[in-house]
Amino acid sequence: MVVGKKHSGFGIASFIMSILVGIGAFSVILVAGYVEASSPEGINEESPIAIIVGLCVFGVIGLNILGIGLGVAGLCQSNRSRVFAILGLVFNGLVIMGIIGIMALGVAMGG
């Protein structure tokens with residue numbers, strides 16, 4: 001029986017967090033799009049729903065940065081498999097680039 005290296009706990013946490021944050025970011029974007037489309041003159045930036053959506057975006061970005069940190073910590077562990085740490089870093093990077101891309105698209109469209 002061949003025994004490999006154990007997986008990094010930080011790497012597993014980063015991977016799981018990347019999936020959950022990706023789902024959360026997608027949900028927040030859907031809610032923001034629905035609220036924008038459902039009101040005739042667009043979303044009022046001072047409405048409670050707009051403030052909640054904005055805070056959720058900041059929360060998602062903060063959790064994403066935490067996931068990136070966990071991925072880096074998983075890469076730094078010696079005698080541990082780095083598969084989940086690499087996957088966590090890649091997926092967290094894709095999520096943050098997607099969020100930034102959607103924000104840039106909104107700014108470019110005059111939002």
# chains A, B, ... in the order shown; residues from 1 in each chain; ligands from 1
call {"tool": "closest_atom_pairs", "arguments": {"of": "segment 20-76 of chain A", "to": "segment 88-105 of chain A", "cutoff": "12 Å", "atoms": "only C-alpha atoms", "output": "JSON lines"}}
result
{"residue": "A:Leu20", "atom": "CA", "partner": "A:Asn92", "partner_atom": "CA", "distance": 10.0}
{"residue": "A:Val21", "atom": "CA", "partner": "A:Val95", "partner_atom": "CA", "distance": 7.7}
{"residue": "A:Gly22", "atom": "CA", "partner": "A:Val95", "partner_atom": "CA", "distance": 5.8}
{"residue": "A:Ile23", "atom": "CA", "partner": "A:Val95", "partner_atom": "CA", "distance": 9.4}
{"residue": "A:Gly24", "atom": "CA", "partner": "A:Val95", "partner_atom": "CA", "distance": 10.1}
{"residue": "A:Ala25", "atom": "CA", "partner": "A:Ile99", "partner_atom": "CA", "distance": 7.5}
{"residue": "A:Phe26", "atom": "CA", "partner": "A:Ile99", "partner_atom": "CA", "distance": 8.9}
{"residue": "A:Ser27", "atom": "CA", "partner": "A:Ile99", "partner_atom": "CA", "distance": 11.8}
{"residue": "A:Val28", "atom": "CA", "partner": "A:Ile99", "partner_atom": "CA", "distance": 10.4}
{"residue": "A:Ile29", "atom": "CA", "partner": "A:Ile99", "partner_atom": "CA", "distance": 8.8}
{"residue": "A:Leu30", "atom": "CA", "partner": "A:Ile102", "partner_atom": "CA", "distance": 11.7}
{"residue": "A:Ala32", "atom": "CA", "partner": "A:Met103", "partner_atom": "CA", "distance": 11.7}
{"residue": "A:Gly33", "atom": "CA", "partner": "A:Ile102", "partner_atom": "CA", "distance": 11.3}
{"residue": "A:Gly54", "atom": "CA", "partner": "A:Met103", "partner_atom": "CA", "distance": 11.6}
{"residue": "A:Val57", "atom": "CA", "partner": "A:Ile99", "partner_atom": "CA", "distance": 8.7}
{"residue": "A:Phe58", "atom": "CA", "partner": "A:Ile99", "partner_atom": "CA", "distance": 10.6}
{"residue": "A:Val60", "atom": "CA", "partner": "A:Ile96", "partner_atom": "CA", "distance": 9.0}
{"residue": "A:Ile61", "atom": "CA", "partner": "A:Ile96", "partner_atom": "CA", "distance": 6.9}
{"residue": "A:Gly62", "atom": "CA", "partner": "A:Ile96", "partner_atom": "CA", "distance": 10.0}
{"residue": "A:Leu63", "atom": "CA", "partner": "A:Asn92", "partner_atom": "CA", "distance": 9.4}
{"residue": "A:Asn64", "atom": "CA", "partner": "A:Asn92", "partner_atom": "CA", "distance": 6.0}
{"residue": "A:Ile65", "atom": "CA", "partner": "A:Asn92", "partner_atom": "CA", "distance": 7.8}
{"residue": "A:Leu66", "atom": "CA", "partner": "A:Asn92", "partner_atom": "CA", "distance": 9.3}
{"residue": "A:Gly67", "atom": "CA", "partner": "A:Asn92", "partner_atom": "CA", "distance": 6.5}
{"residue": "A:Ile68", "atom": "CA", "partner": "A:Leu89", "partner_atom": "CA", "distance": 5.5}
{"residue": "A:Gly69", "atom": "CA", "partner": "A:Leu89", "partner_atom": "CA", "distance": 8.5}
{"residue": "A:Leu70", "atom": "CA", "partner": "A:Gly88", "partner_atom": "CA", "distance": 8.3}
{"residue": "A:Gly71", "atom": "CA", "partner": "A:Leu89", "partner_atom": "CA", "distance": 5.3}
{"residue": "A:Val72", "atom": "CA", "partner": "A:Leu89", "partner_atom": "CA", "distance": 7.4}
{"residue": "A:Ala73", "atom": "CA", "partner": "A:Leu89", "partner_atom": "CA", "distance": 10.4}
{"residue": "A:Gly74", "atom": "CA", "partner": "A:Gly88", "partner_atom": "CA", "distance": 9.3}
{"residue": "A:Leu75", "atom": "CA", "partner": "A:Leu89", "partner_atom": "CA", "distance": 9.5}
call {"tool": "atom_distance", "arguments": {"atom1": "atom CA of Gly4 of chain A", "atom2": "atom CA of Arg82 of chain A"}}
result
11.8 Å
call {"tool": "atom_distance", "arguments": {"atom1": "atom CA of Ile52 of chain A", "atom2": "atom CA of Ala108 of chain A"}}
result
23.0 Å
call {"tool": "closest_residue", "arguments": {"among": "A:Leu87, A:Cys76, A:Ile49, A:Ala37", "to": "Ser18 of chain A", "atoms": "only C-alpha atoms"}}
result
A:Leu87
call {"tool": "residues_around", "arguments": {"residues": "Val35 of chain A", "least_positions_apart": "4", "cutoff": "10 Å", "atoms": "only C-alpha atoms", "output": "list in words"}}
result
Ile29, Leu30, Val31, Ser39, Gly42, Ile43, Asn44, Ile49, Ala50 and Val53 of chain A
call {"tool": "write_last_selection", "arguments": {"atoms": "C-alpha atoms", "output": "short mmCIF file (atom, residue, chain, number, x, y, z; two decimals), in the first residue's frame"}}
result
data_model
loop_
_atom_site.label_atom_id
_atom_site.label_comp_id
_atom_site.auth_asym_id
_atom_site.auth_seq_id
_atom_site.Cartn_x
_atom_site.Cartn_y
_atom_site.Cartn_z
CA ILE A 29 -24.75 39.85 -8.81
CA LEU A 30 -28.09 38.23 -9.65
CA VAL A 31 -29.85 40.14 -6.86
CA SER A 39 -37.31 49.49 -10.92
CA GLY A 42 -32.92 52.07 -11.84
CA ILE A 43 -31.69 51.41 -8.37
CA ASN A 44 -31.52 54.28 -5.89
CA ILE A 49 -31.35 47.18 -0.64
CA ALA A 50 -28.56 48.97 -2.54
CA VAL A 53 -25.95 44.61 -1.90
#
